$ cat final-v4.json   # JSON, C-alpha atoms
[["chain", "number", "residue", "atom", "x", "y", "z"],
["U", 1, "MET", "CA", 279.08, -37.93, 100.93],
["U", 2, "SER", "CA", 276.20, -35.95, 99.43],
["U", 3, "ALA", "CA", 273.28, -34.85, 101.60],
["U", 4, "LYS", "CA", 270.13, -36.96, 101.61],
["U", 5, "PRO", "CA", 267.39, -35.64, 99.29],
["U", 6, "VAL", "CA", 264.72, -33.57, 101.03],
["U", 7, "ASP", "CA", 261.27, -35.15, 101.13],
["U", 8, "VAL", "CA", 259.45, -32.49, 103.16],
["U", 9, "HIS", "CA", 260.02, -28.73, 102.99],
["U", 10, "ALA", "CA", 258.95, -26.18, 105.59],
["U", 11, "ALA", "CA", 259.65, -22.47, 106.00],
["U", 12, "GLY", "CA", 259.36, -19.85, 108.69],
["U", 13, "ALA", "CA", 261.01, -16.81, 110.21],
["U", 14, "VAL", "CA", 262.70, -15.32, 113.22],
["U", 15, "ILE", "CA", 260.69, -12.13, 113.69],
["U", 16, "TRP", "CA", 262.69, -9.47, 115.51],
["U", 17, "ARG", "CA", 262.50, -5.98, 116.93],
["U", 18, "VAL", "CA", 264.52, -3.83, 119.30],
["U", 19, "ARG", "CA", 262.66, -2.60, 122.34],
["U", 20, "ARG", "CA", 264.18, -0.58, 125.16],
["U", 21, "GLY", "CA", 267.59, -1.33, 123.74],
["U", 22, "LYS", "CA", 267.13, -5.12, 123.73],
["U", 23, "LEU", "CA", 266.69, -7.49, 120.81],
["U", 24, "GLU", "CA", 263.39, -9.36, 121.00],
["U", 25, "VAL", "CA", 261.99, -12.25, 118.95],
["U", 26, "VAL", "CA", 258.66, -14.04, 118.57],
["U", 27, "VAL", "CA", 258.08, -17.59, 119.81],
["U", 28, "VAL", "CA", 254.92, -19.69, 119.57],
["U", 29, "HIS", "CA", 253.46, -22.50, 121.66],
["U", 30, "ARG", "CA", 251.95, -25.48, 119.87],
["U", 31, "ALA", "CA", 249.09, -26.77, 121.98],
["U", 32, "LYS", "CA", 248.93, -30.18, 120.34],
["U", 33, "TRP", "CA", 252.58, -30.97, 121.05],
["U", 34, "ASN", "CA", 253.02, -28.75, 124.11],
["U", 35, "ASP", "CA", 256.26, -27.32, 122.76],
["U", 36, "TRP", "CA", 257.71, -23.87, 122.04],
["U", 37, "GLY", "CA", 259.23, -23.02, 118.68],
["U", 38, "LEU", "CA", 259.69, -20.47, 115.93],
["U", 39, "PRO", "CA", 256.76, -19.87, 113.57],
["U", 40, "LYS", "CA", 257.02, -22.17, 110.57],
["U", 41, "GLY", "CA", 255.07, -24.71, 108.55],
["U", 42, "LYS", "CA", 255.01, -26.97, 105.53],
["U", 43, "LEU", "CA", 254.84, -25.76, 101.94],
["U", 44, "GLU", "CA", 251.52, -25.94, 100.15],
["U", 45, "PRO", "CA", 251.40, -27.29, 96.56],
["U", 46, "GLY", "CA", 253.01, -24.87, 94.10],
["U", 47, "GLU", "CA", 254.23, -22.58, 96.87],
["U", 48, "GLY", "CA", 257.74, -21.14, 97.11],
["U", 49, "LEU", "CA", 259.78, -21.12, 100.30],
["U", 50, "ALA", "CA", 259.65, -17.35, 100.86],
["U", 51, "GLU", "CA", 255.92, -17.29, 100.16],
["U", 52, "CYS", "CA", 255.42, -20.12, 102.65],
["U", 53, "ALA", "CA", 257.45, -18.33, 105.32],
["U", 54, "VAL", "CA", 255.33, -15.15, 105.36],
["U", 55, "ARG", "CA", 252.09, -17.12, 105.13],
["U", 56, "GLU", "CA", 253.00, -19.36, 108.06],
["U", 57, "VAL", "CA", 254.07, -16.36, 110.13],
["U", 58, "ALA", "CA", 250.73, -14.66, 109.48],
["U", 59, "GLU", "CA", 248.73, -17.81, 110.25],
["U", 60, "GLU", "CA", 250.57, -18.67, 113.45],
["U", 61, "THR", "CA", 251.22, -15.20, 114.89],
["U", 62, "GLY", "CA", 248.86, -12.78, 113.13],
["U", 63, "LEU", "CA", 251.87, -10.65, 112.18],
["U", 64, "LEU", "CA", 252.44, -9.33, 108.66],
["U", 65, "VAL", "CA", 256.15, -9.32, 107.89],
["U", 66, "GLN", "CA", 258.72, -8.77, 105.17],
["U", 67, "LEU", "CA", 261.70, -11.10, 105.00],
["U", 68, "GLY", "CA", 265.34, -10.19, 105.40],
["U", 69, "GLN", "CA", 268.31, -12.48, 104.99],
["U", 70, "ARG", "CA", 268.09, -16.24, 105.09],
["U", 71, "LEU", "CA", 269.47, -18.22, 108.02],
["U", 72, "GLU", "CA", 271.09, -21.66, 107.99],
["U", 73, "PRO", "CA", 268.48, -24.29, 107.07],
["U", 74, "VAL", "CA", 267.65, -27.09, 109.48],
["U", 75, "ARG", "CA", 267.66, -30.63, 108.11],
["U", 76, "TYR", "CA", 266.66, -33.71, 110.07],
["U", 77, "GLN", "CA", 265.15, -37.17, 109.65],
["U", 78, "LEU", "CA", 261.54, -37.81, 110.52],
["U", 79, "GLY", "CA", 260.32, -40.87, 112.37],
["U", 80, "ASP", "CA", 259.18, -42.48, 109.14],
["U", 81, "GLY", "CA", 262.64, -42.17, 107.60],
["U", 82, "ARG", "CA", 261.95, -39.17, 105.37],
["U", 83, "TRP", "CA", 264.18, -36.10, 105.46],
["U", 84, "LYS", "CA", 262.74, -32.70, 106.30],
["U", 85, "GLN", "CA", 264.31, -29.29, 105.79],
["U", 86, "SER", "CA", 263.09, -26.09, 107.42],
["U", 87, "THR", "CA", 264.27, -22.80, 105.92],
["U", 88, "TYR", "CA", 264.18, -19.64, 108.02],
["U", 89, "TRP", "CA", 264.61, -15.96, 107.28],
["U", 90, "VAL", "CA", 264.84, -13.04, 109.65],
["U", 91, "ALA", "CA", 261.76, -10.86, 109.35],
["U", 92, "ARG", "CA", 260.29, -7.57, 110.52],
["U", 93, "GLU", "CA", 256.68, -6.54, 110.95],
["U", 94, "VAL", "CA", 255.14, -4.17, 108.37],
["U", 95, "GLY", "CA", 252.05, -2.00, 108.50],
["U", 96, "GLU", "CA", 248.73, -3.15, 107.05],
["U", 97, "ASP", "CA", 248.98, -0.39, 104.41],
["U", 98, "HIS", "CA", 252.19, -1.76, 102.89],
["U", 99, "PRO", "CA", 251.53, -2.16, 99.13],
["U", 100, "ALA", "CA", 253.41, -5.47, 98.94],
["U", 101, "LEU", "CA", 250.70, -7.11, 101.04],
["U", 102, "ASN", "CA", 248.35, -6.88, 98.04],
["U", 103, "GLY", "CA", 250.51, -9.59, 96.46],
["U", 104, "ARG", "CA", 249.57, -12.16, 99.11],
["U", 105, "THR", "CA", 246.53, -14.26, 99.87],
["U", 106, "VAL", "CA", 244.60, -13.30, 102.99],
["U", 107, "PRO", "CA", 245.91, -15.53, 105.80],
["U", 108, "LEU", "CA", 243.68, -17.61, 108.05],
["U", 109, "ARG", "CA", 244.75, -17.62, 111.69],
["U", 110, "ALA", "CA", 245.69, -20.99, 113.09],
["U", 111, "PRO", "CA", 243.12, -22.26, 115.61],
["U", 112, "LYS", "CA", 243.90, -22.24, 119.32],
["U", 113, "SER", "CA", 244.10, -26.03, 119.18],
["U", 114, "GLU", "CA", 247.26, -25.58, 117.07],
["U", 115, "ILE", "CA", 248.86, -22.32, 118.29],
["U", 116, "ASP", "CA", 247.60, -21.09, 121.65],
["U", 117, "LYS", "CA", 250.36, -18.65, 122.68],
["U", 118, "VAL", "CA", 252.43, -16.05, 120.82],
["U", 119, "GLU", "CA", 255.02, -14.08, 122.78],
["U", 120, "TRP", "CA", 257.72, -11.47, 122.24],
["U", 121, "LEU", "CA", 260.76, -12.36, 124.36],
["U", 122, "THR", "CA", 264.35, -11.23, 124.67],
["U", 123, "VAL", "CA", 266.80, -13.60, 123.00],
["U", 124, "LYS", "CA", 267.90, -14.88, 126.40],
["U", 125, "GLU", "CA", 264.32, -15.52, 127.47],
["U", 126, "ALA", "CA", 263.45, -17.14, 124.14],
["U", 127, "LYS", "CA", 266.41, -19.51, 124.26],
["U", 128, "ALA", "CA", 265.28, -20.65, 127.70],
["U", 129, "ARG", "CA", 261.72, -21.15, 126.44],
["U", 130, "LEU", "CA", 262.40, -22.94, 123.12],
["U", 131, "THR", "CA", 262.07, -26.70, 123.14],
["U", 132, "TYR", "CA", 264.50, -27.67, 120.37],
["U", 133, "PRO", "CA", 268.24, -27.01, 120.05],
["U", 134, "HIS", "CA", 268.03, -26.16, 116.33],
["U", 135, "ASP", "CA", 265.67, -23.28, 117.13],
["U", 136, "ARG", "CA", 268.10, -21.96, 119.73],
["U", 137, "ASP", "CA", 270.85, -22.15, 117.10],
["U", 138, "ARG", "CA", 268.80, -19.86, 114.83],
["U", 139, "LEU", "CA", 268.55, -17.32, 117.65],
["U", 140, "ASP", "CA", 272.31, -17.44, 118.09],
["U", 141, "GLU", "CA", 272.62, -16.58, 114.39],
["U", 142, "VAL", "CA", 270.28, -13.63, 114.76],
["U", 143, "ALA", "CA", 272.05, -12.39, 117.89],
["U", 144, "ASP", "CA", 275.39, -12.53, 116.05],
["U", 145, "LEU", "CA", 273.97, -10.56, 113.11],
["U", 146, "TYR", "CA", 272.66, -7.94, 115.52],
["U", 147, "ALA", "CA", 275.99, -7.69, 117.32],
["U", 148, "ASP", "CA", 277.79, -7.27, 113.97],
["U", 149, "ASP", "CA", 275.33, -4.60, 112.78],
["U", 150, "ARG", "CA", 274.21, -6.86, 109.91],
["U", 151, "LEU", "CA", 270.63, -7.59, 111.00],
["U", 152, "ASP", "CA", 268.82, -4.40, 109.96],
["U", 153, "THR", "CA", 268.96, -4.76, 106.17],
["U", 154, "TRP", "CA", 266.98, -3.77, 103.09],
["U", 155, "THR", "CA", 266.54, -6.00, 100.08],
["U", 156, "LEU", "CA", 267.58, -5.52, 96.46],
["U", 157, "VAL", "CA", 266.20, -8.10, 94.01],
["U", 158, "ILE", "CA", 267.99, -8.29, 90.67],
["U", 159, "ALA", "CA", 265.87, -10.25, 88.20],
["U", 160, "ARG", "CA", 266.55, -11.53, 84.73],
["U", 161, "HIS", "CA", 263.39, -11.32, 82.65],
["U", 162, "ALA", "CA", 261.19, -14.41, 82.45],
["U", 163, "ARG", "CA", 261.46, -16.92, 79.62],
["U", 164, "ALA", "CA", 260.89, -15.25, 76.26],
["U", 165, "VAL", "CA", 260.28, -16.42, 72.70],
["U", 166, "LYS", "CA", 263.60, -17.31, 71.05],
["U", 167, "ARG", "CA", 265.18, -14.58, 68.95],
["U", 168, "HIS", "CA", 265.19, -16.72, 65.79],
["U", 169, "ALA", "CA", 261.52, -17.59, 66.27],
["U", 170, "TRP", "CA", 260.23, -14.03, 66.69],
["U", 171, "LYS", "CA", 259.45, -13.12, 63.11],
["U", 172, "PRO", "CA", 256.60, -10.60, 63.42],
["U", 173, "GLY", "CA", 258.37, -7.89, 65.36],
["U", 174, "THR", "CA", 261.67, -6.48, 66.50],
["U", 175, "GLU", "CA", 263.93, -7.20, 69.44],
["U", 176, "HIS", "CA", 262.31, -4.66, 71.74],
["U", 177, "ASP", "CA", 258.85, -6.25, 71.51],
["U", 178, "ARG", "CA", 259.84, -9.94, 71.70],
["U", 179, "PRO", "CA", 257.26, -11.42, 74.12],
["U", 180, "LEU", "CA", 257.32, -13.97, 76.89],
["U", 181, "THR", "CA", 256.39, -17.59, 76.33],
["U", 182, "LYS", "CA", 253.54, -19.30, 78.16],
["U", 183, "ALA", "CA", 256.08, -20.64, 80.67],
["U", 184, "GLY", "CA", 257.49, -17.13, 81.04],
["U", 185, "ARG", "CA", 254.06, -15.71, 81.81],
["U", 186, "GLU", "CA", 253.61, -18.37, 84.47],
["U", 187, "GLN", "CA", 256.94, -17.29, 85.97],
["U", 188, "THR", "CA", 255.77, -13.69, 86.18],
["U", 189, "ARG", "CA", 252.65, -14.69, 88.10],
["U", 190, "ALA", "CA", 254.73, -16.75, 90.51],
["U", 191, "LEU", "CA", 257.05, -13.76, 90.96],
["U", 192, "VAL", "CA", 254.27, -11.77, 92.65],
["U", 193, "PRO", "CA", 254.28, -13.60, 96.02],
["U", 194, "LEU", "CA", 258.08, -13.84, 95.95],
["U", 195, "LEU", "CA", 258.57, -10.08, 95.62],
["U", 196, "SER", "CA", 255.78, -9.53, 98.12],
["U", 197, "ALA", "CA", 257.52, -11.73, 100.69],
["U", 198, "PHE", "CA", 260.52, -9.36, 100.67],
["U", 199, "GLY", "CA", 258.31, -6.28, 100.83],
["U", 200, "ILE", "CA", 259.39, -4.88, 97.45],
["U", 201, "ARG", "CA", 257.99, -1.36, 97.06],
["U", 202, "ASN", "CA", 260.12, 0.07, 94.23],
["U", 203, "LEU", "CA", 260.41, -1.28, 90.67],
["U", 204, "ILE", "CA", 262.84, -0.36, 87.90],
["U", 205, "SER", "CA", 263.11, -2.08, 84.54],
["U", 206, "SER", "CA", 264.23, -2.07, 80.95],
["U", 207, "PRO", "CA", 261.25, -0.89, 78.87],
["U", 208, "TRP", "CA", 261.59, -3.77, 76.41],
["U", 209, "GLU", "CA", 258.56, -6.05, 76.41],
["U", 210, "ARG", "CA", 260.08, -9.14, 78.03],
["U", 211, "CYS", "CA", 261.33, -7.13, 81.04],
["U", 212, "ALA", "CA", 258.24, -4.94, 81.34],
["U", 213, "ALA", "CA", 256.01, -8.03, 81.23],
["U", 214, "THR", "CA", 258.08, -9.72, 83.93],
["U", 215, "LEU", "CA", 257.27, -7.05, 86.52],
["U", 216, "ALA", "CA", 253.82, -6.16, 85.21],
["U", 217, "PRO", "CA", 251.78, -8.62, 87.34],
["U", 218, "TYR", "CA", 253.44, -7.42, 90.55],
["U", 219, "ALA", "CA", 253.00, -3.78, 89.56],
["U", 220, "LYS", "CA", 249.32, -4.32, 88.73],
["U", 221, "THR", "CA", 248.63, -6.27, 91.92],
["U", 222, "THR", "CA", 250.36, -3.84, 94.27],
["U", 223, "GLY", "CA", 249.76, -0.55, 92.46],
["U", 224, "ILE", "CA", 253.52, 0.16, 92.47],
["U", 225, "PRO", "CA", 254.56, 1.89, 89.21],
["U", 226, "ILE", "CA", 257.50, 0.62, 87.17],
["U", 227, "ASP", "CA", 260.26, 3.12, 86.49],
["U", 228, "PHE", "CA", 261.29, 2.27, 82.91],
["U", 229, "ARG", "CA", 264.89, 3.20, 82.11],
["U", 230, "ALA", "CA", 266.16, 3.01, 78.52],
["U", 231, "GLU", "CA", 269.77, 2.54, 79.63],
["U", 232, "LEU", "CA", 268.82, -0.95, 80.89],
["U", 233, "THR", "CA", 268.01, -2.24, 77.38],
["U", 234, "GLU", "CA", 270.45, -4.52, 75.58],
["U", 235, "ALA", "CA", 270.92, -2.03, 72.75],
["U", 236, "ALA", "CA", 271.71, 0.96, 74.97],
["U", 237, "HIS", "CA", 274.04, -1.09, 77.14],
["U", 238, "LYS", "CA", 275.90, -2.44, 74.11],
["U", 239, "GLU", "CA", 276.50, 1.11, 72.94],
["U", 240, "ARG", "CA", 277.50, 2.48, 76.35],
["U", 241, "SER", "CA", 277.57, 0.64, 79.70],
["U", 242, "ALA", "CA", 278.50, 3.67, 81.83],
["U", 243, "PRO", "CA", 274.88, 4.95, 82.12],
["U", 244, "VAL", "CA", 273.86, 1.64, 83.72],
["U", 245, "ALA", "CA", 276.60, 2.00, 86.31],
["U", 246, "ARG", "CA", 275.49, 5.55, 87.06],
["U", 247, "LEU", "CA", 271.88, 4.45, 87.32],
["U", 248, "VAL", "CA", 272.71, 1.78, 89.88],
["U", 249, "ARG", "CA", 274.78, 4.20, 91.95],
["U", 250, "ALA", "CA", 272.26, 7.04, 91.82],
["U", 251, "GLN", "CA", 268.89, 5.30, 91.88],
["U", 252, "ILE", "CA", 269.47, 2.07, 93.79],
["U", 253, "LEU", "CA", 272.46, 2.21, 96.11],
["U", 254, "ARG", "CA", 271.27, 5.47, 97.63],
["U", 255, "ARG", "CA", 267.92, 4.03, 98.67],
["U", 256, "ASP", "CA", 267.21, 2.12, 101.84],
["U", 257, "GLU", "CA", 263.95, 0.29, 101.13],
["U", 258, "PRO", "CA", 263.19, -2.94, 99.24],
["U", 259, "PHE", "CA", 263.76, -2.60, 95.50],
["U", 260, "ALA", "CA", 263.57, -4.83, 92.41],
["U", 261, "LEU", "CA", 265.40, -4.33, 89.11],
["U", 262, "CYS", "CA", 264.66, -6.33, 85.96],
["U", 263, "THR", "CA", 266.99, -6.38, 82.99],
["U", 264, "HIS", "CA", 268.64, -8.54, 80.30],
["U", 265, "ARG", "CA", 271.46, -11.07, 80.51],
["U", 266, "PRO", "CA", 274.09, -8.86, 78.77],
["U", 267, "VAL", "CA", 273.37, -6.00, 81.20],
["U", 268, "LEU", "CA", 273.72, -8.08, 84.37],
["U", 269, "PRO", "CA", 277.56, -7.90, 84.63],
["U", 270, "THR", "CA", 277.51, -4.10, 84.79],
["U", 271, "VAL", "CA", 274.72, -4.07, 87.38],
["U", 272, "LEU", "CA", 276.46, -6.67, 89.53],
["U", 273, "ASP", "CA", 279.85, -4.99, 89.28],
["U", 274, "GLU", "CA", 278.39, -1.84, 90.81],
["U", 275, "VAL", "CA", 276.28, -3.54, 93.46],
["U", 276, "LEU", "CA", 279.05, -5.90, 94.56],
["U", 277, "ASP", "CA", 281.84, -3.36, 94.39],
["U", 278, "LYS", "CA", 282.15, -3.20, 98.18],
["U", 279, "ALA", "CA", 280.77, -6.63, 99.03],
["U", 280, "PRO", "CA", 282.91, -8.75, 101.36],
["U", 281, "GLY", "CA", 284.72, -11.75, 99.93],
["U", 282, "ARG", "CA", 282.44, -14.26, 101.66],
["U", 283, "VAL", "CA", 279.46, -12.82, 99.76],
["U", 284, "ARG", "CA", 281.22, -12.74, 96.40],
["U", 285, "ARG", "CA", 282.41, -16.32, 96.82],
["U", 286, "SER", "CA", 278.81, -17.45, 97.32],
["U", 287, "LEU", "CA", 277.70, -16.09, 93.93],
["U", 288, "ARG", "CA", 277.84, -17.26, 90.34],
["U", 289, "LEU", "CA", 279.82, -14.45, 88.75],
["U", 290, "GLU", "CA", 280.21, -16.03, 85.34],
["U", 291, "ASP", "CA", 277.87, -15.79, 82.38],
["U", 292, "PRO", "CA", 274.86, -16.37, 82.30],
["U", 293, "TYR", "CA", 274.72, -15.07, 85.89],
["U", 294, "LEU", "CA", 270.96, -15.68, 86.16],
["U", 295, "ARG", "CA", 268.62, -18.03, 84.34],
["U", 296, "PRO", "CA", 265.40, -16.64, 82.83],
["U", 297, "GLY", "CA", 263.01, -15.75, 85.63],
["U", 298, "GLU", "CA", 265.66, -16.19, 88.33],
["U", 299, "CYS", "CA", 266.33, -13.60, 91.03],
["U", 300, "LEU", "CA", 269.44, -12.70, 92.93],
["U", 301, "VAL", "CA", 268.21, -11.47, 96.31],
["U", 302, "LEU", "CA", 270.76, -9.19, 97.96],
["U", 303, "HIS", "CA", 270.50, -7.92, 101.51],
["U", 304, "MET", "CA", 272.04, -4.48, 102.04],
["U", 305, "VAL", "CA", 273.13, -2.37, 104.99],
["U", 306, "ARG", "CA", 273.99, 1.31, 105.09],
["U", 307, "ARG", "CA", 277.60, 2.15, 105.90],
["U", 308, "LYS", "CA", 279.49, 5.44, 105.90],
["U", 309, "ARG", "CA", 281.00, 4.54, 102.54],
["U", 310, "GLY", "CA", 277.57, 3.66, 101.09],
["U", 311, "ALA", "CA", 275.33, 0.60, 100.75],
["U", 312, "VAL", "CA", 277.06, -2.76, 101.23],
["U", 313, "VAL", "CA", 275.80, -6.28, 100.47],
["U", 314, "VAL", "CA", 275.98, -8.47, 103.58],
["U", 315, "ALA", "CA", 274.08, -11.55, 102.35],
["U", 316, "ALA", "CA", 272.81, -13.03, 99.09],
["U", 317, "GLU", "CA", 270.64, -15.88, 97.84],
["U", 318, "TYR", "CA", 269.23, -17.16, 94.56],
["U", 319, "LEU", "CA", 265.49, -17.74, 94.23],
["U", 320, "ARG", "CA", 263.24, -18.72, 91.35],
["U", 321, "ALA", "CA", 259.57, -17.87, 91.47],
["U", 322, "GLY", "CA", 257.53, -20.89, 92.48],
["U", 323, "LYS", "CA", 260.60, -23.12, 92.69],
["U", 324, "VAL", "CA", 261.67, -24.87, 95.87],
["U", 325, "LYS", "CA", 265.44, -25.09, 96.32],
["U", 326, "PRO", "CA", 267.15, -26.64, 99.35]]
$ encode --input "final-v4.json" --output "structure tokens"
Amino acid sequence: MSAKPVDVHAAGAVIWRVRRGKLEVVVVHRAKWNDWGLPKGKLEPGEGLAECAVREVAEETGLLVQLGQRLEPVRYQLGDGRWKQSTYWVAREVGEDHPALNGRTVPLRAPKSEIDKVEWLTVKEAKARLTYPHDRDRLDEVADLYADDRLDTWTLVIARHARAVKRHAWKPGTEHDRPLTKAGREQTRALVPLLSAFGIRNLISSPWERCAATLAPYAKTTGIPIDFRAELTEAAHKERSAPVARLVRAQILRRDEPFALCTHRPVLPTVLDEVLDKAPGRVRRSLRLEDPYLRPGECLVLHMVRRKRGAVVVAAEYLRAGKVKP
């Protein structure tokens, strides 16, 4: 039997740190309901889930965070019969000088009448404090990730360029300057808070117009320059795919901070082959590894850990800018 459609979406995060050798998380007390929970809240109109998660964290706790991997969503029925789903990510605090924060709206702290206590607790202490079983389940997930050395990750976002004018309709110019449509430009603006939510601080792209324009709003907002690489164009890849593989190995898999790469549909298989080369079977089975891989404006968000043999993908999710997906 298929799951009931979701009527209400909410998003939040399990914020974590390690202090004196112990894993700690943030819990909040809601004064109105006199309960303890994880920071979360409902989506605002036009908001994406990841964007909502970092906003709600900032409003309820005052902490500025970047998201890591997504946890199991919580779905339950409200008293009025509607179905609600809360989506959580793990998250870590970032400094106020992080450039990705320029891609977010300035948060307004929740009044004391809503959130009157914010505390860092060990996982054991937090589980004893939390009011609801589904919140305790999320802490069990985080504790398991920590025990398996899969909690401390960095994020790689692989993006297909936003929606562009059709090839047959682009008469004035050539393939390299084919522009985005109005809908595509809207996607690029919505991509700003999505990339910001994951703390993206490095950008690499095909120099062709539709890819460059996809990352341009985020680059302009954050001041992060785009590293344009000719080997990521369709034409260069069609001639030789090996330079793309080398680029991924040399410029992406050796890094350990959030990164976004934007390219074209025909180039995606080579990029994914390199990135997923050492990914475990459970991750590969969760992905669409057949053409077209990604829809225009869609992102594959990969969460990486450093191992002796190199960077390894430990979790993955698909997100579209401004789109809410259960």
$ closest_residue --input "final-v4.json" --among "U:Glu317, U:Asp277, U:Asp7, U:Glu114" --to "Glu298 in chain U" --atoms "all atoms listed in the file"
U:Glu317
$ closest_residue --input "final-v4.json" --among "U:Glu175, U:Lys182, U:Arg246, U:Arg189" --to "Glu234 in chain U" --atoms "all atoms listed in the file"
U:Glu175
$ residues_near_point --input "final-v4.json" --point "(277.2, 2.5, 87.1)" --cutoff "9 Å" --atoms "only C-alpha atoms" --output "NGL selection string"
:U and (241-250 or 270-271 or 273-275)
$ closest_residue --input "final-v4.json" --among "U:Glu93, U:Glu60, U:Glu72, U:Asp144" --to "Pro107 in chain U" --atoms "all atoms listed in the file"
U:Glu60
$ atom_distance --input "final-v4.json" --atom1 "CA of Ala50 in chain U" --atom2 "CA of Leu63 in chain U"
15.3 Å
$ residues_around --input "final-v4.json" --residues "Glu56 in chain U" --least-positions-apart "4" --cutoff "8 Å" --atoms "all atoms listed in the file" --output "mmCIF file with C-alpha atoms, keeping the file's coordinate frame"
data_model
loop_
_atom_site.group_PDB
_atom_site.id
_atom_site.type_symbol
_atom_site.label_atom_id
_atom_site.label_comp_id
_atom_site.auth_asym_id
_atom_site.auth_seq_id
_atom_site.Cartn_x
_atom_site.Cartn_y
_atom_site.Cartn_z
ATOM 1 C CA ALA U 11 259.650 -22.470 106.000
ATOM 2 C CA GLY U 12 259.360 -19.850 108.690
ATOM 3 C CA PRO U 39 256.760 -19.870 113.570
ATOM 4 C CA LYS U 40 257.020 -22.170 110.570
ATOM 5 C CA GLY U 41 255.070 -24.710 108.550
ATOM 6 C CA CYS U 52 255.420 -20.120 102.650
ATOM 7 C CA GLU U 60 250.570 -18.670 113.450
#
